[in-house]
Amino acid sequence: MNKLYSGRLGSPLYFQKSKIYDLKSKISEKSISLTNPKTKKMQENDQEHFKRELGLLDGTMLVVGSMIGSGIFIVSADIARQVGSAGWLTLIWLISGLITIIAAVSYGELSAMFPKAGGQYVYLKEAYNKLIAFLYGWSFFAVIQTGTIAAVGVAFSKFAAYIYEPFSDENILYELGAFKLNAAQLVSIFTIILLTYINSRGVKNGKILQTVLTIIKILSLLGLIVFGLTLAAKASVWDANWADAWTTRTYNAESSSWLPISGTALITGISAAMVGSLFSSDAWNGVTFIAGEIKNPKRNVGLSLFLGTFIVTVIYVLTNLMYLAVVPLQEIATAKSDRVAVVASQYIFGDIGTLIIAIMIMISTFACNNGLIMAGARVYYTMANDGLFFKKAAVLNESSVPEWALWAQCIWASALCLTGKYGDLLDFVIIIVLIFYILTIYGIFILRRKMPDVERPYKAFGYPFLPMLYIIVATAICISLLFTKFSTCGWGVLIMLAGIPVYYLTKPKEE
């Protein structure tokens, strides 16, 4: 049986084995360092400066907190419109969760081999070369992380307007030609600046905020699920939603009617529906970026990935079952501004339900952005150490965090808030994310050939079948997206490829 999952997690046998792996890993680190002297230098630099202040709970909360943003509260409306049945709605969330868990446990092998800051960037560099790693880092800074931070920040401000109306995006403060500055943009920028400042004061501040807010977030969601299933669930609604559980149809907004779909149209609908659920399940790999600050990273990073993705998958599936027990499918599909959770909360709590959900989403998005901001800067730090990003990003402040990288990320994310294009950014960022997940997981196969003798404290669960299954499924989704959403996904691929000339123009001369 795979070493990571031999025995129950948390059993005495498991922890005894992890201690043995920690001793063996010293040989592993030496082997990796001999293979790549620059990696050795980077690792020694991390050990000298980064403070290992994050434990297993902190790592797991970072995974959970970064994954759960606003998606679970709104995405189910679009999925319902695309596939039109309770069974497919639930199945898409379940498939997205299982795909994410497979990817996470596959990353466990890589995180144990390279337990330092940088995460996915480091894995790509070791498996392929600096160009592939740079393209990831380029896309990460230009779109993936900063675009997501901007969108999550704006989601926070939109729901803050439920509590204080002047925060609304309809409150235009300044106009200059086509450019319009609204209050929601300023609120989102303020939250990004505030969280950046908190994280620039040290990883301990960020971890406390992350852990507390994420626990509140989990308890709030579980409370919503329990109250929904016990207080507001109606057998008539549940039976009606599940009467034609596997009949696929799509919702036509113009005619306000359902149309049956099958064949190519069904594949297109499923692919479009999975964009939202995959987005809602993304950002789980953030804990790998801060591995240099995790205690016992060879054990805790991989375990945090598994526990975090498993917890979120269970919560997401239960939340959707609650929606189906409380809200008729027609209302799920046609919820105003796709705010399914608001509709469900009104059924459960009455008029005050809107306020309850607004507060929940504000806590959720605030914690989500804290995790994204904390993790993202570590990638730029590692790139700068390789000479592939601004030199100042490699400097740690007196609190042992990459402050310059944090503020650079803050400035660009804030600029994206002002463009008003964050929705488009999210639409095409998913294909870049999937491409690099595919490359990273295939990197496991490459590294087993390149470094066969390196000690692997954990090995990818279900290797080679589960990692290859992820690669096949993710590749199929990418191809489908290119055919069905080329106008947005094509731009995502173009932004990624634009990094190639930038790399060759800026890369340092080889020593």
# chains A, B, ... in the order shown; residues from 1 in each chain; ligands from 1
$ residues_around --residues "range 289-292 of chain A" --least-positions-apart "5" --cutoff "7 Å" --atoms "only C-alpha atoms" --output "PDB file with all heavy atoms, in the first residue's frame"
ATOM      1  N   ASP A  46      16.468  29.634   2.048  1.00  0.00           N
ATOM      2  CA  ASP A  46      15.169  29.519   2.704  1.00  0.00           C
ATOM      3  C   ASP A  46      15.325  29.146   4.172  1.00  0.00           C
ATOM      4  O   ASP A  46      14.710  29.735   5.049  1.00  0.00           O
ATOM      5  CB  ASP A  46      14.325  28.444   2.016  1.00  0.00           C
ATOM      6  CG  ASP A  46      13.740  28.935   0.700  1.00  0.00           C
ATOM      7  OD1 ASP A  46      13.919  30.127   0.413  1.00  0.00           O
ATOM      8  OD2 ASP A  46      13.135  28.124  -0.021  1.00  0.00           O
ATOM      9  N   PHE A  50      13.544  32.034   6.298  1.00  0.00           N
ATOM     10  CA  PHE A  50      12.139  31.787   6.587  1.00  0.00           C
ATOM     11  C   PHE A  50      11.964  31.153   7.964  1.00  0.00           C
ATOM     12  O   PHE A  50      12.762  30.332   8.390  1.00  0.00           O
ATOM     13  CB  PHE A  50      11.516  30.853   5.534  1.00  0.00           C
ATOM     14  CG  PHE A  50      11.090  31.564   4.280  1.00  0.00           C
ATOM     15  CD1 PHE A  50      11.551  31.147   3.040  1.00  0.00           C
ATOM     16  CD2 PHE A  50      10.212  32.633   4.323  1.00  0.00           C
ATOM     17  CE1 PHE A  50      11.156  31.781   1.882  1.00  0.00           C
ATOM     18  CE2 PHE A  50       9.804  33.274   3.175  1.00  0.00           C
ATOM     19  CZ  PHE A  50      10.285  32.847   1.952  1.00  0.00           C
ATOM     20  N   ARG A  52       9.765  28.730  10.312  1.00  0.00           N
ATOM     21  CA  ARG A  52       8.789  27.643  10.215  1.00  0.00           C
ATOM     22  C   ARG A  52       7.806  27.777  11.386  1.00  0.00           C
ATOM     23  O   ARG A  52       8.018  27.233  12.459  1.00  0.00           O
ATOM     24  CB  ARG A  52       9.502  26.289  10.224  1.00  0.00           C
ATOM     25  CG  ARG A  52      10.383  26.082   9.002  1.00  0.00           C
ATOM     26  CD  ARG A  52      10.760  24.625   8.816  1.00  0.00           C
ATOM     27  NE  ARG A  52      11.603  24.432   7.654  1.00  0.00           N
ATOM     28  CZ  ARG A  52      11.171  24.311   6.399  1.00  0.00           C
ATOM     29  NH1 ARG A  52       9.868  24.365   6.161  1.00  0.00           N
ATOM     30  NH2 ARG A  52      12.008  24.144   5.397  1.00  0.00           N
ATOM     31  N   PRO A 115      10.529  20.422  -0.330  1.00  0.00           N
ATOM     32  CA  PRO A 115       9.730  21.078   0.714  1.00  0.00           C
ATOM     33  C   PRO A 115      10.168  22.504   1.004  1.00  0.00           C
ATOM     34  O   PRO A 115      10.429  22.871   2.141  1.00  0.00           O
ATOM     35  CB  PRO A 115       9.970  20.170   1.919  1.00  0.00           C
ATOM     36  CG  PRO A 115      11.375  19.690   1.733  1.00  0.00           C
ATOM     37  CD  PRO A 115      11.569  19.531   0.253  1.00  0.00           C
ATOM     38  N   LYS A 116      10.281  23.319  -0.040  1.00  0.00           N
ATOM     39  CA  LYS A 116      10.750  24.690   0.120  1.00  0.00           C
ATOM     40  C   LYS A 116       9.782  25.666  -0.516  1.00  0.00           C
ATOM     41  O   LYS A 116       8.824  25.268  -1.177  1.00  0.00           O
ATOM     42  CB  LYS A 116      12.148  24.845  -0.528  1.00  0.00           C
ATOM     43  CG  LYS A 116      13.193  23.863   0.021  1.00  0.00           C
ATOM     44  CD  LYS A 116      13.444  24.067   1.498  1.00  0.00           C
ATOM     45  CE  LYS A 116      14.353  23.004   2.078  1.00  0.00           C
ATOM     46  NZ  LYS A 116      14.523  23.149   3.526  1.00  0.00           N
ATOM     47  N   ALA A 117      10.042  26.968  -0.335  1.00  0.00           N
ATOM     48  CA  ALA A 117       9.172  28.003  -0.887  1.00  0.00           C
ATOM     49  C   ALA A 117       9.128  27.906  -2.403  1.00  0.00           C
ATOM     50  O   ALA A 117      10.108  27.571  -3.053  1.00  0.00           O
ATOM     51  CB  ALA A 117       9.677  29.383  -0.462  1.00  0.00           C
ATOM     52  N   GLY A 118       7.977  28.230  -2.971  1.00  0.00           N
ATOM     53  CA  GLY A 118       7.854  28.270  -4.427  1.00  0.00           C
ATOM     54  C   GLY A 118       6.897  27.246  -4.987  1.00  0.00           C
ATOM     55  O   GLY A 118       6.274  27.459  -6.020  1.00  0.00           O
ATOM     56  N   GLY A 119       6.773  26.095  -4.326  1.00  0.00           N
ATOM     57  CA  GLY A 119       5.785  25.098  -4.712  1.00  0.00           C
ATOM     58  C   GLY A 119       5.816  24.707  -6.174  1.00  0.00           C
ATOM     59  O   GLY A 119       6.820  24.208  -6.690  1.00  0.00           O
ATOM     60  N   PRO A 297       7.741  19.951   6.836  1.00  0.00           N
ATOM     61  CA  PRO A 297       7.033  20.067   5.553  1.00  0.00           C
ATOM     62  C   PRO A 297       6.891  18.753   4.793  1.00  0.00           C
ATOM     63  O   PRO A 297       5.938  18.572   4.045  1.00  0.00           O
ATOM     64  CB  PRO A 297       7.894  21.066   4.771  1.00  0.00           C
ATOM     65  CG  PRO A 297       9.261  20.938   5.368  1.00  0.00           C
ATOM     66  CD  PRO A 297       9.019  20.683   6.832  1.00  0.00           C
ATOM     67  N   VAL A 301       2.880  19.232   4.475  1.00  0.00           N
ATOM     68  CA  VAL A 301       2.387  19.838   3.237  1.00  0.00           C
ATOM     69  C   VAL A 301       1.460  18.871   2.506  1.00  0.00           C
ATOM     70  O   VAL A 301       0.334  19.207   2.140  1.00  0.00           O
ATOM     71  CB  VAL A 301       3.554  20.275   2.323  1.00  0.00           C
ATOM     72  CG1 VAL A 301       3.011  20.770   0.980  1.00  0.00           C
ATOM     73  CG2 VAL A 301       4.364  21.383   2.989  1.00  0.00           C
ATOM     74  N   ALA A 375       0.231  33.297   0.022  1.00  0.00           N
ATOM     75  CA  ALA A 375       0.928  32.269  -0.749  1.00  0.00           C
ATOM     76  C   ALA A 375       1.585  32.818  -2.007  1.00  0.00           C
ATOM     77  O   ALA A 375       2.699  32.413  -2.371  1.00  0.00           O
ATOM     78  CB  ALA A 375      -0.050  31.154  -1.115  1.00  0.00           C
ATOM     79  N   ARG A 378       5.332  34.171  -2.313  1.00  0.00           N
ATOM     80  CA  ARG A 378       6.448  33.218  -2.185  1.00  0.00           C
ATOM     81  C   ARG A 378       6.910  32.707  -3.540  1.00  0.00           C
ATOM     82  O   ARG A 378       8.063  32.321  -3.702  1.00  0.00           O
ATOM     83  CB  ARG A 378       6.039  32.041  -1.289  1.00  0.00           C
ATOM     84  CG  ARG A 378       6.219  32.281   0.206  1.00  0.00           C
ATOM     85  CD  ARG A 378       5.381  33.405   0.750  1.00  0.00           C
ATOM     86  NE  ARG A 378       5.543  33.583   2.201  1.00  0.00           N
ATOM     87  CZ  ARG A 378       4.940  34.537   2.896  1.00  0.00           C
ATOM     88  NH1 ARG A 378       4.133  35.401   2.308  1.00  0.00           N
ATOM     89  NH2 ARG A 378       5.148  34.631   4.202  1.00  0.00           N
ATOM     90  N   VAL A 379       6.010  32.684  -4.519  1.00  0.00           N
ATOM     91  CA  VAL A 379       6.397  32.268  -5.870  1.00  0.00           C
ATOM     92  C   VAL A 379       7.321  33.317  -6.488  1.00  0.00           C
ATOM     93  O   VAL A 379       8.355  32.984  -7.078  1.00  0.00           O
ATOM     94  CB  VAL A 379       5.149  32.060  -6.751  1.00  0.00           C
ATOM     95  CG1 VAL A 379       5.558  31.717  -8.190  1.00  0.00           C
ATOM     96  CG2 VAL A 379       4.274  30.954  -6.175  1.00  0.00           C
TER      97      VAL A 379
END
$ closest_residue --among "A:Ser76, A:Thr309, A:Ser414, A:Ser271" --to "Met61 in chain A" --atoms "only C-alpha atoms"
A:Thr309
$ closest_residue --among "A:Tyr197, A:Gly371, A:Lys204, A:Phe310" --to "Ala405 in chain A" --atoms "only C-alpha atoms"
A:Tyr197
$ atom_distance --atom1 "CA of Gly302 in chain A" --atom2 "CA of Met67 in chain A"
16.0 Å
$ atom_distance --atom1 "CA of Thr100 in chain A" --atom2 "CA of Ser66 in chain A"
13.5 Å
$ atom_distance --atom1 "CA of Ile479 in chain A" --atom2 "CA of Gly276 in chain A"
16.5 Å
$ residues_around --residues "Glu398 in chain A" --least-positions-apart "4" --cutoff "10 Å" --atoms "only C-alpha atoms" --output "JSON, numbers by chain"
{"A": [49, 200, 201, 202, 402, 403]}
$ closest_residue --among "A:Leu494, A:Leu266, A:Leu466, A:Leu209" --to "Leu482 in chain A" --atoms "only C-alpha atoms"
A:Leu494
$ closest_residue --among "A:Ile357, A:Leu497, A:Ile216, A:Ala341" --to "Ile432 in chain A" --atoms "only C-alpha atoms"
A:Leu497
$ closest_residue --among "A:Thr475, A:Thr313, A:Thr419, A:Ser345" --to "Phe179 in chain A" --atoms "only C-alpha atoms"
A:Thr419
$ closest_residue --among "A:Val343, A:Leu231, A:Leu388, A:Ala112" --to "Ile356 in chain A" --atoms "only C-alpha atoms"
A:Val343
$ select_by_dssp --residues "range 172-246 of chain A" --states "strand (DSSP E)" --output "number ranges by chain"
A: 172-176, 179-182
$ residues_around --residues "Ser157 in chain A" --least-positions-apart "2" --cutoff "7 Å" --atoms "only C-alpha atoms" --output "number ranges by chain"
A: 153-155, 159-161, 167, 184, 187-188
$ write_last_selection --atoms "N, CA and C atoms" --output "PDB file, in the first residue's frame"
ATOM      1  N   GLY A 153     -11.750  40.103  -4.218  1.00  0.00           N
ATOM      2  CA  GLY A 153     -11.910  41.390  -3.535  1.00  0.00           C
ATOM      3  C   GLY A 153     -13.186  42.101  -3.943  1.00  0.00           C
ATOM      4  N   VAL A 154     -13.502  42.061  -5.231  1.00  0.00           N
ATOM      5  CA  VAL A 154     -14.728  42.702  -5.711  1.00  0.00           C
ATOM      6  C   VAL A 154     -15.953  41.937  -5.218  1.00  0.00           C
ATOM      7  N   ALA A 155     -15.863  40.609  -5.133  1.00  0.00           N
ATOM      8  CA  ALA A 155     -16.969  39.820  -4.582  1.00  0.00           C
ATOM      9  C   ALA A 155     -17.246  40.233  -3.141  1.00  0.00           C
ATOM     10  N   PHE A 159     -20.977  42.113  -1.765  1.00  0.00           N
ATOM     11  CA  PHE A 159     -21.831  41.636  -0.692  1.00  0.00           C
ATOM     12  C   PHE A 159     -21.786  42.581   0.513  1.00  0.00           C
ATOM     13  N   ALA A 160     -20.701  43.361   0.615  1.00  0.00           N
ATOM     14  CA  ALA A 160     -20.655  44.379   1.666  1.00  0.00           C
ATOM     15  C   ALA A 160     -21.732  45.432   1.432  1.00  0.00           C
ATOM     16  N   ALA A 161     -22.120  45.598   0.154  1.00  0.00           N
ATOM     17  CA  ALA A 161     -23.158  46.581  -0.174  1.00  0.00           C
ATOM     18  C   ALA A 161     -24.514  46.182   0.393  1.00  0.00           C
ATOM     19  N   PHE A 167     -21.529  51.112  -0.662  1.00  0.00           N
ATOM     20  CA  PHE A 167     -20.414  50.302  -1.150  1.00  0.00           C
ATOM     21  C   PHE A 167     -20.725  49.632  -2.490  1.00  0.00           C
ATOM     22  N   ALA A 184     -17.391  50.003  -5.036  1.00  0.00           N
ATOM     23  CA  ALA A 184     -17.018  48.598  -4.845  1.00  0.00           C
ATOM     24  C   ALA A 184     -15.548  48.360  -5.179  1.00  0.00           C
ATOM     25  N   VAL A 187     -13.458  49.653  -2.262  1.00  0.00           N
ATOM     26  CA  VAL A 187     -13.540  48.754  -1.110  1.00  0.00           C
ATOM     27  C   VAL A 187     -12.668  47.527  -1.341  1.00  0.00           C
ATOM     28  N   SER A 188     -12.729  46.973  -2.551  1.00  0.00           N
ATOM     29  CA  SER A 188     -11.927  45.786  -2.853  1.00  0.00           C
ATOM     30  C   SER A 188     -10.436  46.094  -2.761  1.00  0.00           C
TER      31      SER A 188
END
$ residues_around --residues "range 129-135 of chain A" --least-positions-apart "4" --cutoff "9 Å" --atoms "only C-alpha atoms" --output "list in words"
Gln120, Tyr121, Val122, Tyr123, Leu124, Lys125, Ser139, Phe140, Met383, Asp386, Leu388, Phe389, Met496, Leu497, Ala498, Gly499, Ile500, Tyr503 and Tyr504 of chain A
$ select_by_dssp --residues "range 352-475 of chain A" --states "alpha helix (DSSP H)" --output "PyMOL selection string"
chain A and resi 353-385+403-419+422-450+465-475
$ decode --residues "range 79-210 of chain A" --atoms "C-alpha atoms" --output "JSON list (two decimals), in the first residue's frame"
[["chain", "number", "residue", "atom", "x", "y", "z"],
["A", 79, "ILE", "CA", -24.31, 24.65, -13.54],
["A", 80, "ALA", "CA", -28.07, 24.10, -13.20],
["A", 81, "ARG", "CA", -28.71, 26.14, -16.35],
["A", 82, "GLN", "CA", -26.09, 24.18, -18.30],
["A", 83, "VAL", "CA", -27.16, 20.62, -17.37],
["A", 84, "GLY", "CA", -30.67, 21.07, -15.97],
["A", 85, "SER", "CA", -30.97, 18.30, -13.42],
["A", 86, "ALA", "CA", -30.28, 17.57, -9.76],
["A", 87, "GLY", "CA", -28.22, 14.48, -10.53],
["A", 88, "TRP", "CA", -25.88, 16.21, -12.94],
["A", 89, "LEU", "CA", -25.56, 19.27, -10.68],
["A", 90, "THR", "CA", -24.42, 17.05, -7.81],
["A", 91, "LEU", "CA", -22.24, 14.86, -10.03],
["A", 92, "ILE", "CA", -20.34, 17.82, -11.50],
["A", 93, "TRP", "CA", -19.47, 19.08, -8.01],
["A", 94, "LEU", "CA", -18.45, 15.58, -6.98],
["A", 95, "ILE", "CA", -16.29, 15.00, -10.09],
["A", 96, "SER", "CA", -14.61, 18.39, -9.65],
["A", 97, "GLY", "CA", -13.88, 17.52, -6.02],
["A", 98, "LEU", "CA", -12.47, 14.07, -6.85],
["A", 99, "ILE", "CA", -10.28, 15.51, -9.63],
["A", 100, "THR", "CA", -8.97, 18.09, -7.19],
["A", 101, "ILE", "CA", -8.24, 15.47, -4.50],
["A", 102, "ILE", "CA", -6.37, 13.31, -7.05],
["A", 103, "ALA", "CA", -4.26, 16.30, -8.05],
["A", 104, "ALA", "CA", -3.63, 17.21, -4.40],
["A", 105, "VAL", "CA", -2.46, 13.75, -3.32],
["A", 106, "SER", "CA", -0.27, 13.58, -6.44],
["A", 107, "TYR", "CA", 1.33, 16.86, -5.37],
["A", 108, "GLY", "CA", 2.15, 15.20, -2.03],
["A", 109, "GLU", "CA", 5.07, 13.38, -3.69],
["A", 110, "LEU", "CA", 6.46, 16.60, -5.13],
["A", 111, "SER", "CA", 6.00, 18.60, -1.94],
["A", 112, "ALA", "CA", 7.94, 15.96, 0.02],
["A", 113, "MET", "CA", 10.78, 15.97, -2.53],
["A", 114, "PHE", "CA", 11.05, 19.77, -2.64],
["A", 115, "PRO", "CA", 9.73, 21.08, 0.71],
["A", 116, "LYS", "CA", 10.75, 24.69, 0.12],
["A", 117, "ALA", "CA", 9.17, 28.00, -0.89],
["A", 118, "GLY", "CA", 7.85, 28.27, -4.43],
["A", 119, "GLY", "CA", 5.79, 25.10, -4.71],
["A", 120, "GLN", "CA", 4.53, 24.47, -8.23],
["A", 121, "TYR", "CA", 7.14, 26.79, -9.76],
["A", 122, "VAL", "CA", 9.92, 24.67, -8.22],
["A", 123, "TYR", "CA", 8.32, 21.38, -9.32],
["A", 124, "LEU", "CA", 8.08, 22.58, -12.92],
["A", 125, "LYS", "CA", 11.68, 23.80, -12.91],
["A", 126, "GLU", "CA", 12.99, 20.48, -11.58],
["A", 127, "ALA", "CA", 10.89, 18.35, -13.92],
["A", 128, "TYR", "CA", 11.32, 20.44, -17.08],
["A", 129, "ASN", "CA", 13.42, 23.60, -17.26],
["A", 130, "LYS", "CA", 13.47, 27.27, -16.29],
["A", 131, "LEU", "CA", 11.43, 28.32, -19.34],
["A", 132, "ILE", "CA", 8.41, 26.21, -18.36],
["A", 133, "ALA", "CA", 8.75, 27.36, -14.76],
["A", 134, "PHE", "CA", 8.99, 30.99, -15.87],
["A", 135, "LEU", "CA", 5.88, 30.68, -18.05],
["A", 136, "TYR", "CA", 4.04, 29.46, -14.98],
["A", 137, "GLY", "CA", 5.38, 32.29, -12.83],
["A", 138, "TRP", "CA", 4.63, 34.82, -15.60],
["A", 139, "SER", "CA", 1.04, 33.60, -15.93],
["A", 140, "PHE", "CA", 0.73, 33.38, -12.15],
["A", 141, "PHE", "CA", 1.65, 37.05, -11.66],
["A", 142, "ALA", "CA", -0.06, 38.42, -14.77],
["A", 143, "VAL", "CA", -3.39, 36.65, -14.42],
["A", 144, "ILE", "CA", -3.79, 33.58, -12.21],
["A", 145, "GLN", "CA", -3.10, 34.85, -8.70],
["A", 146, "THR", "CA", -3.56, 38.59, -9.10],
["A", 147, "GLY", "CA", -6.69, 38.22, -11.23],
["A", 148, "THR", "CA", -8.21, 35.89, -8.68],
["A", 149, "ILE", "CA", -7.29, 38.24, -5.82],
["A", 150, "ALA", "CA", -8.97, 41.12, -7.69],
["A", 151, "ALA", "CA", -12.14, 39.13, -8.40],
["A", 152, "VAL", "CA", -12.43, 37.84, -4.83],
["A", 153, "GLY", "CA", -11.91, 41.39, -3.54],
["A", 154, "VAL", "CA", -14.73, 42.70, -5.71],
["A", 155, "ALA", "CA", -16.97, 39.82, -4.58],
["A", 156, "PHE", "CA", -16.34, 40.95, -0.99],
["A", 157, "SER", "CA", -17.34, 44.52, -1.80],
["A", 158, "LYS", "CA", -20.49, 43.53, -3.68],
["A", 159, "PHE", "CA", -21.83, 41.64, -0.69],
["A", 160, "ALA", "CA", -20.65, 44.38, 1.67],
["A", 161, "ALA", "CA", -23.16, 46.58, -0.17],
["A", 162, "TYR", "CA", -25.95, 44.47, 1.36],
["A", 163, "ILE", "CA", -24.89, 45.86, 4.73],
["A", 164, "TYR", "CA", -23.96, 49.39, 3.60],
["A", 165, "GLU", "CA", -25.57, 50.42, 0.31],
["A", 166, "PRO", "CA", -22.98, 53.12, -0.65],
["A", 167, "PHE", "CA", -20.41, 50.30, -1.15],
["A", 168, "SER", "CA", -22.36, 49.18, -4.22],
["A", 169, "ASP", "CA", -20.75, 49.02, -7.67],
["A", 170, "GLU", "CA", -23.66, 51.19, -8.82],
["A", 171, "ASN", "CA", -22.27, 54.06, -6.73],
["A", 172, "ILE", "CA", -20.13, 55.77, -9.39],
["A", 173, "LEU", "CA", -17.61, 58.12, -7.79],
["A", 174, "TYR", "CA", -15.67, 59.36, -10.83],
["A", 175, "GLU", "CA", -16.01, 59.21, -14.61],
["A", 176, "LEU", "CA", -13.45, 59.94, -17.31],
["A", 177, "GLY", "CA", -14.54, 58.87, -20.76],
["A", 178, "ALA", "CA", -15.25, 55.13, -20.71],
["A", 179, "PHE", "CA", -13.55, 54.71, -17.33],
["A", 180, "LYS", "CA", -15.82, 54.61, -14.30],
["A", 181, "LEU", "CA", -14.59, 54.39, -10.71],
["A", 182, "ASN", "CA", -17.16, 52.91, -8.35],
["A", 183, "ALA", "CA", -17.25, 52.39, -4.58],
["A", 184, "ALA", "CA", -17.02, 48.60, -4.84],
["A", 185, "GLN", "CA", -13.65, 48.89, -6.58],
["A", 186, "LEU", "CA", -12.29, 51.11, -3.82],
["A", 187, "VAL", "CA", -13.54, 48.75, -1.11],
["A", 188, "SER", "CA", -11.93, 45.79, -2.85],
["A", 189, "ILE", "CA", -8.62, 47.65, -3.21],
["A", 190, "PHE", "CA", -8.75, 48.64, 0.47],
["A", 191, "THR", "CA", -9.19, 45.00, 1.56],
["A", 192, "ILE", "CA", -6.27, 43.90, -0.65],
["A", 193, "ILE", "CA", -4.04, 46.63, 0.80],
["A", 194, "LEU", "CA", -5.09, 45.79, 4.36],
["A", 195, "LEU", "CA", -4.40, 42.06, 3.94],
["A", 196, "THR", "CA", -1.08, 42.78, 2.24],
["A", 197, "TYR", "CA", -0.05, 44.97, 5.17],
["A", 198, "ILE", "CA", -1.05, 42.29, 7.71],
["A", 199, "ASN", "CA", 0.97, 39.65, 5.84],
["A", 200, "SER", "CA", 3.96, 41.98, 5.47],
["A", 201, "ARG", "CA", 4.22, 42.08, 9.27],
["A", 202, "GLY", "CA", 5.06, 38.39, 9.47],
["A", 203, "VAL", "CA", 3.66, 34.98, 8.61],
["A", 204, "LYS", "CA", 2.36, 34.53, 12.17],
["A", 205, "ASN", "CA", -0.13, 37.38, 11.76],
["A", 206, "GLY", "CA", -1.38, 35.97, 8.48],
["A", 207, "LYS", "CA", -1.70, 32.44, 9.82],
["A", 208, "ILE", "CA", -3.73, 33.50, 12.88],
["A", 209, "LEU", "CA", -6.14, 35.49, 10.72],
["A", 210, "GLN", "CA", -6.37, 32.64, 8.20]]
